[in-house]
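All remarks here apply to the structure that follows.
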Amino acid sequence: MRKPAPIHQNDFPFDHLLSIEDLKPAHITHLLNLAEKATIPKTQRPKKQDILKGITQINLFFEPSTRTQSSFELAGKRLGADIMNMSVKTSSVTKGETLLDTATTLNAMRPDLLVVRHHAAGAVELLAQKMDCSVINAGDGSHQHPTQALLDALTIRRNKGRLEGLTVAICGDILHSRVARSNIQLLSAMNVRVRIIAPSTLLPPFPESLGAEVFNTMAEGLKGVDVIMMLRLQRERMQGSFVPSEREYFHIFGLDPRRVALASEDVMIMHPGPMNRGVEIDSRVVNDPRCVIEEQVEMGVAVRMAVLQALSQHLWSQPAT
Amino acid sequence: MTFATPKSLTGQKGVLSFINARLVDPASGTDEAGGLLVEDGIIIDSGPHLLKNAPVGANTINCQGHILAPGIVDMQVYTGEPGLEHRETFASASRAAAAGGVTTMIVMPNTQPVIDAVALVDFIERRARDTAIVNIHPMAAMTRQLEGQDISELGLLQEAGAVAFTNSKPSVTNSKVMRNILAYAHDFNALVVHNIEDSDLAANGVMNEGLVSSRLGLPGIPREAEIIMLERDIQLVGLTQGRYHAAQISCGQSLDVIRKAKQTSLPVTCGVSINHLSLNENDIGPYKTFMKMKPPLRTEDDRMALVEGIRSGEIDVIVSAHDPKDADLKRRPFEEASYGAVGLETMLAAAFRLYHSEGIDLLTLLRPLTTNPARLLGLECGKLSVGSPADLMIVDIETPWMVNLEEMSSRSRNTPFEGARMQGRVTKTFIAGQCVFEL
């Protein structure tokens, strides 16, 4: 969010987390460090802390989501927050309420943290303007998914020990991907060289302006990269409108062992999920030890804990009204 | 007239020498007396030094001072195979091609079934190899079933051997789809060949909209139906940088549009059919349905503008637009008759009219028939360079003859040139050094 908190100056001086674009490298590093501390050993019990005790967190999902929503829920619970999940099916949105009316209604319930996913780009920011609490963007249309970019960065940093100087290739449907946009911004901010590989039909106009090098073939794009980040291609987009068929897409852009071999030997293979085996990624690659998809999910919880924690800091500093 | 059979084409072996020829090679701009050497189907040498002297032991063909030129590459040929073999097969079309000096023909995908899948491209190539006596390459459908909606598998089709992509007769009216086709094709450097007609504007028109249609009481197709579609396409080329070829233009204004696009360095080229360089709407006369084609024949001014486009080199390709239709589809009232005309056998002779009567020199005339289409399609043929396949024609450019339906090889006889007087004719045609046609 553009508005830094007026009174309290800390390492994360924001009311909301809406876009990676707002963050400076120092803020990103701060969140990653915080998340690193939030990762817990497999054997640790109890897992729950009370940092957010008495805080109300609402997860408002206008788009179906399994992993992001449960990841936010788990993150909040581990920090001791009280959590309410709202999804579109059960909300008054299906009864015709506008987004801003929903915001007003929710605001009256006095939540402290609001996690929102919406199918329209910019919708979360619009909602944030009406809310008195902290808003976290859990994905808005093809625009932003900041916590995904943070968890990807954390996963890379833990495996490679650094971000700076690495080369990351992001492959697939860049045009419709909020994951790609957030990742490109975050990684370029951290001095990572970003490549994007996609058919021209799945690239936004002026793709170089995003801060990435553009390739139309895997053979060129994957050469020597340290990280391969695959994106999911939605089924309805590969039946002739953007890509002729799943078969052709896999033939040209699918990640198989032959193509992985083009990258550097200790390449990391990532995917934000859910993946389509045989469409964008070969099963053999998923089973490759260099594939870190599970770790990404684990880091997802840690990063979201860090974000909730960072945003909640200013809650205590504000005088009670 | 004698033709080779596919079975007799087992590959030319050893050295074959053409002597006493007038070498005409538009690719290098050569027009000189000389000779040419072929070994195992490939051109290995050419030039004035071979005019008289064949190497010892070589098979020698004396061209008797006639033109020796690369065979024609015809970018737009409709056959009836697969599905409508009674109109034309690869076998009959390839004989017509050989008789007309066409050594490579590109067949269109609007067959039954539509050529929009890898297996069908394979089928075309296998059938061509087994039954045809000239080279045949498929142009594949750029949208599934040619419906203008879903992009077909351009990448896989190209790998299988499709030399370019087209929507055949119906234009892609949906601009978003056309944009995505051009953008997607750009990734493979594939050529998108578009037949341009705004079908809503053309509506039920059957000939050029103008004085003649008004007099004949026939619904017309305005030039604007072509120009609007062409201008739209060029805007989309600007957006995507996809390689674009307008299959056929039919009027002077379309040439203006092409010229402007080329001046801004867009990857745009265009073709014209031999019919539109030879005939105009007045030839329809008393409802001659063999003159009914798409795009329709325009006015004499348009024809002259197109001829100037050939002279200036702004038109890249001449096609036969060979479209065999049986008599019962053609011999109907004009509005009900089918579109299309055969042209493989008469294309070169009709083109020579531009040489004899319009003063276009041979190199300029042969460029859009040979090297230009070959280059656009990424084929090695169409030139007399060392290393190119010896796909050649020997042409007697002076002898007059008359188009006789009985002598035509095509299975359909819907020629607009029946009884026409021509000057200049192919006397021999070679595929990879093997003679496939002899007059």
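Chain identifiers are assigned as A, B, and so on, following the order in which chains appear in the structure tokens; residues are numbered from 1 within each chain, and ligands are numbered from 1 in order of appearance.
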
For chain B, report every residue with an atom at most 8 Å from chain A (counting only C-alpha atoms), formatted as a PDB file with N, CA and C atoms, in the first residue's frame.
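Dumped everything to out.pdb:
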ATOM      1  N   GLN B 149     -12.348 -20.419 -36.086  1.00  0.00           N
ATOM      2  CA  GLN B 149     -12.487 -20.219 -34.644  1.00  0.00           C
ATOM      3  C   GLN B 149     -11.260 -20.669 -33.846  1.00  0.00           C
ATOM      4  N   ASP B 150     -10.935 -21.963 -33.938  1.00  0.00           N
ATOM      5  CA  ASP B 150      -9.860 -22.506 -33.106  1.00  0.00           C
ATOM      6  C   ASP B 150      -8.592 -22.713 -33.940  1.00  0.00           C
ATOM      7  N   ILE B 151      -7.470 -22.245 -33.418  1.00  0.00           N
ATOM      8  CA  ILE B 151      -6.200 -22.400 -34.126  1.00  0.00           C
ATOM      9  C   ILE B 151      -5.871 -23.887 -34.229  1.00  0.00           C
ATOM     10  N   SER B 152      -5.432 -24.322 -35.411  1.00  0.00           N
ATOM     11  CA  SER B 152      -5.014 -25.722 -35.501  1.00  0.00           C
ATOM     12  C   SER B 152      -3.559 -25.859 -35.043  1.00  0.00           C
ATOM     13  N   GLU B 153      -3.079 -27.088 -34.999  1.00  0.00           N
ATOM     14  CA  GLU B 153      -1.769 -27.342 -34.385  1.00  0.00           C
ATOM     15  C   GLU B 153      -0.642 -26.930 -35.337  1.00  0.00           C
ATOM     16  N   LEU B 154      -0.437 -25.637 -35.449  1.00  0.00           N
ATOM     17  CA  LEU B 154       0.508 -25.110 -36.441  1.00  0.00           C
ATOM     18  C   LEU B 154       1.908 -25.691 -36.266  1.00  0.00           C
ATOM     19  N   GLY B 155       2.339 -25.830 -35.014  1.00  0.00           N
ATOM     20  CA  GLY B 155       3.695 -26.317 -34.762  1.00  0.00           C
ATOM     21  C   GLY B 155       3.877 -27.752 -35.226  1.00  0.00           C
ATOM     22  N   LEU B 156       2.957 -28.606 -34.847  1.00  0.00           N
ATOM     23  CA  LEU B 156       3.049 -30.017 -35.224  1.00  0.00           C
ATOM     24  C   LEU B 156       2.846 -30.193 -36.727  1.00  0.00           C
ATOM     25  N   VAL B 177      -9.322 -13.892 -33.484  1.00  0.00           N
ATOM     26  CA  VAL B 177      -8.771 -15.181 -33.908  1.00  0.00           C
ATOM     27  C   VAL B 177      -7.611 -14.951 -34.876  1.00  0.00           C
ATOM     28  N   ASN B 180      -4.524 -13.893 -33.079  1.00  0.00           N
ATOM     29  CA  ASN B 180      -3.841 -14.983 -32.374  1.00  0.00           C
ATOM     30  C   ASN B 180      -3.157 -15.942 -33.345  1.00  0.00           C
ATOM     31  N   ALA B 183       0.024 -14.183 -34.369  1.00  0.00           N
ATOM     32  CA  ALA B 183       0.979 -14.145 -33.251  1.00  0.00           C
ATOM     33  C   ALA B 183       1.586 -15.526 -33.027  1.00  0.00           C
ATOM     34  N   TYR B 184       0.733 -16.539 -33.072  1.00  0.00           N
ATOM     35  CA  TYR B 184       1.203 -17.899 -32.812  1.00  0.00           C
ATOM     36  C   TYR B 184       2.102 -18.374 -33.952  1.00  0.00           C
ATOM     37  N   HIS B 186       3.904 -16.604 -35.815  1.00  0.00           N
ATOM     38  CA  HIS B 186       5.159 -15.848 -35.747  1.00  0.00           C
ATOM     39  C   HIS B 186       6.234 -16.629 -34.970  1.00  0.00           C
ATOM     40  N   ASP B 187       5.809 -17.347 -33.928  1.00  0.00           N
ATOM     41  CA  ASP B 187       6.777 -18.113 -33.122  1.00  0.00           C
ATOM     42  C   ASP B 187       7.467 -19.204 -33.946  1.00  0.00           C
TER      43      ASP B 187
END

Identify, on the basis of only C-alpha atoms, every residue whose closest approach to stretch 17-31 of chain B does not exceed 7 Å; exclude the query and any residue fewer than 5 positions from it along the same chain; express the result as a PyMOL selection string. chain B and resi 36-38+50-52+54+58-70+363+366-367+371+383-384

Could you state the separation of atom CA of A:Ser142 and atom CA of A:Ala123 in Å, given to one decimal place?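 If I compute the distance from atom CA of A:Ser142 to atom CA of A:Ala123, I get 11.1 Å.
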
Pull the helix (DSSP H, G or I) assignments for stretch 88-314 of chain A out of DSSP run on the backbone, and list those residues as a PyMOL selection string. chain A and resi 88-90+92-95+99-108+123-130+146-160+178-189+200-202+207-210+218-221+235-237+246-253+257-260+283-286+293-314

Distance criterion (only C-alpha atoms): nearest to B:Thr346 out of B:Arg87, B:Arg243, B:His322, B:Arg311: B:His322

What lies within 10 Å of B:Asp328 using only C-alpha atoms, ignoring chain neighbours under 4 positions off, as a list in words?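 What passes the distance filter is Arg332, Ala337 and Ser338 of chain B.
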
Resulting file, chosen residues, C-alpha atoms, as a CSV table (one decimal), in the first residue's frame:
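Saved file part.csv follows:
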chain,number,residue,atom,x,y,z
B,332,ARG,CA,-25.8,-23.7,-64.6
B,337,ALA,CA,-22.7,-22.1,-61.0
B,338,SER,CA,-19.7,-22.9,-58.9

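Coordinates place atom CA of B:Gln241 at a distance of 20.2 Å from atom CA of A:Leu210.
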
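Taking atom CA of A:Lys37 and atom CA of A:Ile55 as endpoints, the distance between them is 20.9 Å.
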
Do a neighbour search on B:Leu329 at 10 Å with only C-alpha atoms, toss out local chain neighbours closer than 3 positions, and write the hits as a list in words. Thr289, Lys325, Asp326, Arg332, Pro333, Glu336, Ala337, Ser338, Tyr339 and Asn414 of chain B

Which polymer residues have any atom within 8 Å of an atom of stretch 131-136 of chain B, counting only C-alpha atoms, with same-chain residues fewer than 2 positions away left out, as an mmCIF file with N, CA, C and O atoms, in the first residue's frame?
data_model
loop_
_atom_site.group_PDB
_atom_site.id
_atom_site.type_symbol
_atom_site.label_atom_id
_atom_site.label_comp_id
_atom_site.auth_asym_id
_atom_site.auth_seq_id
_atom_site.Cartn_x
_atom_site.Cartn_y
_atom_site.Cartn_z
ATOM 1 N N ALA B 4 5.663 -39.275 -67.703
ATOM 2 C CA ALA B 4 6.240 -40.346 -66.901
ATOM 3 C C ALA B 4 5.156 -40.914 -65.998
ATOM 4 O O ALA B 4 4.094 -40.323 -65.828
ATOM 5 N N THR B 5 5.417 -42.084 -65.429
ATOM 6 C CA THR B 5 4.517 -42.606 -64.400
ATOM 7 C C THR B 5 5.249 -42.535 -63.069
ATOM 8 O O THR B 5 6.481 -42.542 -63.040
ATOM 9 N N PRO B 6 4.501 -42.457 -61.964
ATOM 10 C CA PRO B 6 5.173 -42.351 -60.661
ATOM 11 C C PRO B 6 6.157 -43.496 -60.431
ATOM 12 O O PRO B 6 7.225 -43.293 -59.866
ATOM 13 N N LEU B 9 9.692 -43.164 -61.842
ATOM 14 C CA LEU B 9 10.552 -42.129 -61.255
ATOM 15 C C LEU B 9 11.366 -42.721 -60.100
ATOM 16 O O LEU B 9 10.984 -42.636 -58.944
ATOM 17 N N PHE B 90 -4.401 -36.301 -57.349
ATOM 18 C CA PHE B 90 -3.011 -35.852 -57.417
ATOM 19 C C PHE B 90 -2.388 -36.313 -58.730
ATOM 20 O O PHE B 90 -1.591 -35.608 -59.337
ATOM 21 N N ALA B 91 -2.784 -37.517 -59.170
ATOM 22 C CA ALA B 91 -2.222 -38.063 -60.397
ATOM 23 C C ALA B 91 -2.588 -37.181 -61.590
ATOM 24 O O ALA B 91 -1.715 -36.754 -62.353
ATOM 25 N N SER B 92 -3.888 -36.862 -61.727
ATOM 26 C CA SER B 92 -4.296 -36.069 -62.903
ATOM 27 C C SER B 92 -3.796 -34.632 -62.778
ATOM 28 O O SER B 92 -3.333 -34.038 -63.750
ATOM 29 N N ALA B 93 -3.862 -34.072 -61.581
ATOM 30 C CA ALA B 93 -3.377 -32.697 -61.405
ATOM 31 C C ALA B 93 -1.886 -32.611 -61.696
ATOM 32 O O ALA B 93 -1.412 -31.630 -62.270
ATOM 33 N N SER B 94 -1.140 -33.658 -61.310
ATOM 34 C CA SER B 94 0.309 -33.577 -61.498
ATOM 35 C C SER B 94 0.671 -33.708 -62.976
ATOM 36 O O SER B 94 1.655 -33.136 -63.428
ATOM 37 N N ARG B 95 -0.142 -34.421 -63.753
ATOM 38 C CA ARG B 95 0.100 -34.464 -65.200
ATOM 39 C C ARG B 95 -0.195 -33.095 -65.818
ATOM 40 O O ARG B 95 0.569 -32.597 -66.646
ATOM 41 N N ALA B 97 0.025 -30.339 -64.274
ATOM 42 C CA ALA B 97 1.114 -29.474 -63.819
ATOM 43 C C ALA B 97 2.343 -29.662 -64.696
ATOM 44 O O ALA B 97 2.929 -28.688 -65.189
ATOM 45 N N ALA B 98 2.718 -30.920 -64.910
ATOM 46 C CA ALA B 98 3.915 -31.204 -65.697
ATOM 47 C C ALA B 98 3.784 -30.616 -67.102
ATOM 48 O O ALA B 98 4.732 -30.040 -67.644
ATOM 49 N N VAL B 102 4.769 -26.732 -64.298
ATOM 50 C CA VAL B 102 4.695 -26.593 -62.843
ATOM 51 C C VAL B 102 5.369 -27.809 -62.213
ATOM 52 O O VAL B 102 4.910 -28.936 -62.388
ATOM 53 N N THR B 103 6.467 -27.587 -61.501
ATOM 54 C CA THR B 103 7.194 -28.709 -60.915
ATOM 55 C C THR B 103 6.883 -28.887 -59.432
ATOM 56 O O THR B 103 7.146 -29.935 -58.861
ATOM 57 N N THR B 104 6.356 -27.847 -58.814
ATOM 58 C CA THR B 104 5.954 -27.967 -57.413
ATOM 59 C C THR B 104 4.593 -27.324 -57.260
ATOM 60 O O THR B 104 4.405 -26.162 -57.638
ATOM 61 N N MET B 105 3.638 -28.095 -56.745
ATOM 62 C CA MET B 105 2.356 -27.456 -56.478
ATOM 63 C C MET B 105 1.991 -27.603 -55.008
ATOM 64 O O MET B 105 2.256 -28.605 -54.370
ATOM 65 N N ILE B 106 1.410 -26.524 -54.503
ATOM 66 C CA ILE B 106 1.003 -26.477 -53.107
ATOM 67 C C ILE B 106 -0.501 -26.686 -53.087
ATOM 68 O O ILE B 106 -1.251 -25.888 -53.669
ATOM 69 N N VAL B 107 -0.920 -27.782 -52.448
ATOM 70 C CA VAL B 107 -2.352 -28.098 -52.480
ATOM 71 C C VAL B 107 -3.050 -27.542 -51.242
ATOM 72 O O VAL B 107 -2.481 -27.462 -50.154
ATOM 73 N N GLU B 125 1.378 -36.334 -48.183
ATOM 74 C CA GLU B 125 2.748 -36.539 -48.635
ATOM 75 C C GLU B 125 2.943 -37.940 -49.199
ATOM 76 O O GLU B 125 3.615 -38.133 -50.205
ATOM 77 N N ARG B 127 0.526 -39.975 -50.454
ATOM 78 C CA ARG B 127 -0.232 -40.084 -51.701
ATOM 79 C C ARG B 127 0.503 -39.377 -52.827
ATOM 80 O O ARG B 127 0.559 -39.866 -53.959
ATOM 81 N N ALA B 128 1.041 -38.214 -52.518
ATOM 82 C CA ALA B 128 1.755 -37.446 -53.540
ATOM 83 C C ALA B 128 2.943 -38.247 -54.047
ATOM 84 O O ALA B 128 3.178 -38.354 -55.248
ATOM 85 N N ARG B 129 3.684 -38.833 -53.123
ATOM 86 C CA ARG B 129 4.873 -39.600 -53.499
ATOM 87 C C ARG B 129 4.479 -40.806 -54.352
ATOM 88 O O ARG B 129 5.145 -41.136 -55.325
ATOM 89 N N PRO B 138 1.634 -29.882 -48.929
ATOM 90 C CA PRO B 138 0.352 -29.392 -48.437
ATOM 91 C C PRO B 138 0.466 -28.040 -47.735
ATOM 92 O O PRO B 138 1.448 -27.761 -47.047
ATOM 93 N N ILE B 431 11.720 -33.330 -63.129
ATOM 94 C CA ILE B 431 11.675 -33.329 -61.671
ATOM 95 C C ILE B 431 12.941 -34.044 -61.197
ATOM 96 O O ILE B 431 13.159 -35.208 -61.540
ATOM 97 N N VAL B 436 9.537 -35.738 -66.838
ATOM 98 C CA VAL B 436 8.196 -36.219 -66.495
ATOM 99 C C VAL B 436 7.180 -35.860 -67.572
ATOM 100 O O VAL B 436 6.075 -36.383 -67.590
#

Got a sec: who's within 8 Å of A:Pro111, counting only C-alpha atoms, leaving out chain neighbours fewer than 5 positions off, as a ChimeraX atom specification? /A:55-58,106,133

Keeping N, CA and C atoms for every residue in the selection just given, could you write it to a file as a compact mmCIF listing (two decimals), in the first residue's frame?
# COMPACT_ATOMS: atom_id res chain seq x y z
N ILE A 55 -6.84 -11.41 17.78
CA ILE A 55 -6.95 -10.72 16.49
C ILE A 55 -7.95 -11.48 15.61
N THR A 56 -8.78 -10.74 14.86
CA THR A 56 -9.75 -11.38 13.98
C THR A 56 -9.27 -11.31 12.53
N GLN A 57 -9.21 -12.50 11.92
CA GLN A 57 -8.78 -12.56 10.51
C GLN A 57 -9.92 -13.12 9.68
N ILE A 58 -10.27 -12.41 8.61
CA ILE A 58 -11.31 -12.92 7.71
C ILE A 58 -10.66 -13.29 6.38
N LEU A 106 -18.51 -5.90 5.83
CA LEU A 106 -17.43 -6.60 6.53
C LEU A 106 -16.73 -5.67 7.51
N CYS A 133 -9.18 -2.10 8.36
CA CYS A 133 -8.20 -3.09 8.79
C CYS A 133 -7.13 -3.29 7.72

Tell me which protein, DNA and RNA residues are within 9 Å of A:Gln309, counting only C-alpha atoms, leaving out same-chain ones fewer than 3 positions away, and put them as a short mmCIF file (atom, residue, chain, number, x, y, z; two decimals) with C-alpha atoms, in the first residue's frame.
data_model
loop_
_atom_site.label_atom_id
_atom_site.label_comp_id
_atom_site.auth_asym_id
_atom_site.auth_seq_id
_atom_site.Cartn_x
_atom_site.Cartn_y
_atom_site.Cartn_z
CA LEU A 34 10.62 -13.22 9.31
CA ILE A 51 1.34 -13.66 18.69
CA LEU A 52 -2.03 -12.86 17.10
CA LEU A 79 -0.26 -17.49 15.27
CA ARG A 304 1.86 -16.00 5.20
CA MET A 305 2.64 -16.16 8.91
CA ALA A 306 5.34 -13.56 8.32
CA SER A 312 -0.32 -6.85 12.74
CA GLN A 313 2.59 -4.98 14.32
#

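Closest approach to A:Ala81 among A:Lys223, A:Arg178, A:Ala189, A:Leu308 is made by A:Leu308 (distances from only C-alpha atoms).
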
Which residue gives the smallest distance to B:Lys13 among B:Glu85, B:Ser213, B:Ala432, B:Glu314, with only C-alpha atoms counted?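 Using only C-alpha atoms, B:Lys13 sits closest to B:Ala432.
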
Just list the residues in stretch 46-181 of chain A DSSP gives strand (DSSP E) on the backbone, as a ChimeraX atom specification. /A:56-61,82-87,113-118,134-140,167-171

Kindly export the residues of the current selection with C-alpha atoms, as a compact mmCIF listing (two decimals), in the first residue's frame.
# COMPACT_ATOMS: atom_id res chain seq x y z
CA THR A 56 -9.75 -11.38 13.98
CA GLN A 57 -8.78 -12.56 10.51
CA ILE A 58 -11.31 -12.92 7.71
CA ASN A 59 -10.49 -14.92 4.59
CA LEU A 60 -12.70 -13.63 1.80
CA PHE A 61 -12.42 -15.69 -1.37
CA ASP A 82 -9.52 -16.06 15.32
CA ILE A 83 -10.41 -16.93 11.76
CA MET A 84 -13.52 -16.69 9.71
CA ASN A 85 -13.67 -18.09 6.18
CA MET A 86 -16.06 -16.59 3.70
CA SER A 87 -16.45 -17.91 0.23
CA LEU A 113 -6.85 -8.67 9.02
CA LEU A 114 -8.65 -9.34 5.77
CA VAL A 115 -7.30 -11.80 3.20
CA VAL A 116 -8.95 -11.36 -0.19
CA ARG A 117 -8.91 -13.15 -3.48
CA HIS A 118 -10.93 -11.73 -6.34
CA SER A 134 -5.14 -4.50 7.03
CA VAL A 135 -5.87 -6.12 3.70
CA ILE A 136 -3.77 -8.86 2.12
CA ASN A 137 -4.07 -9.59 -1.56
CA ALA A 138 -4.38 -13.33 -2.07
CA GLY A 139 -4.68 -12.91 -5.83
CA ASP A 140 -6.57 -10.37 -7.95
CA THR A 167 18.77 -16.67 -13.50
CA VAL A 168 15.13 -17.73 -13.30
CA ALA A 169 13.00 -18.85 -16.25
CA ILE A 170 9.23 -18.52 -15.92
CA CYS A 171 7.42 -20.62 -18.51
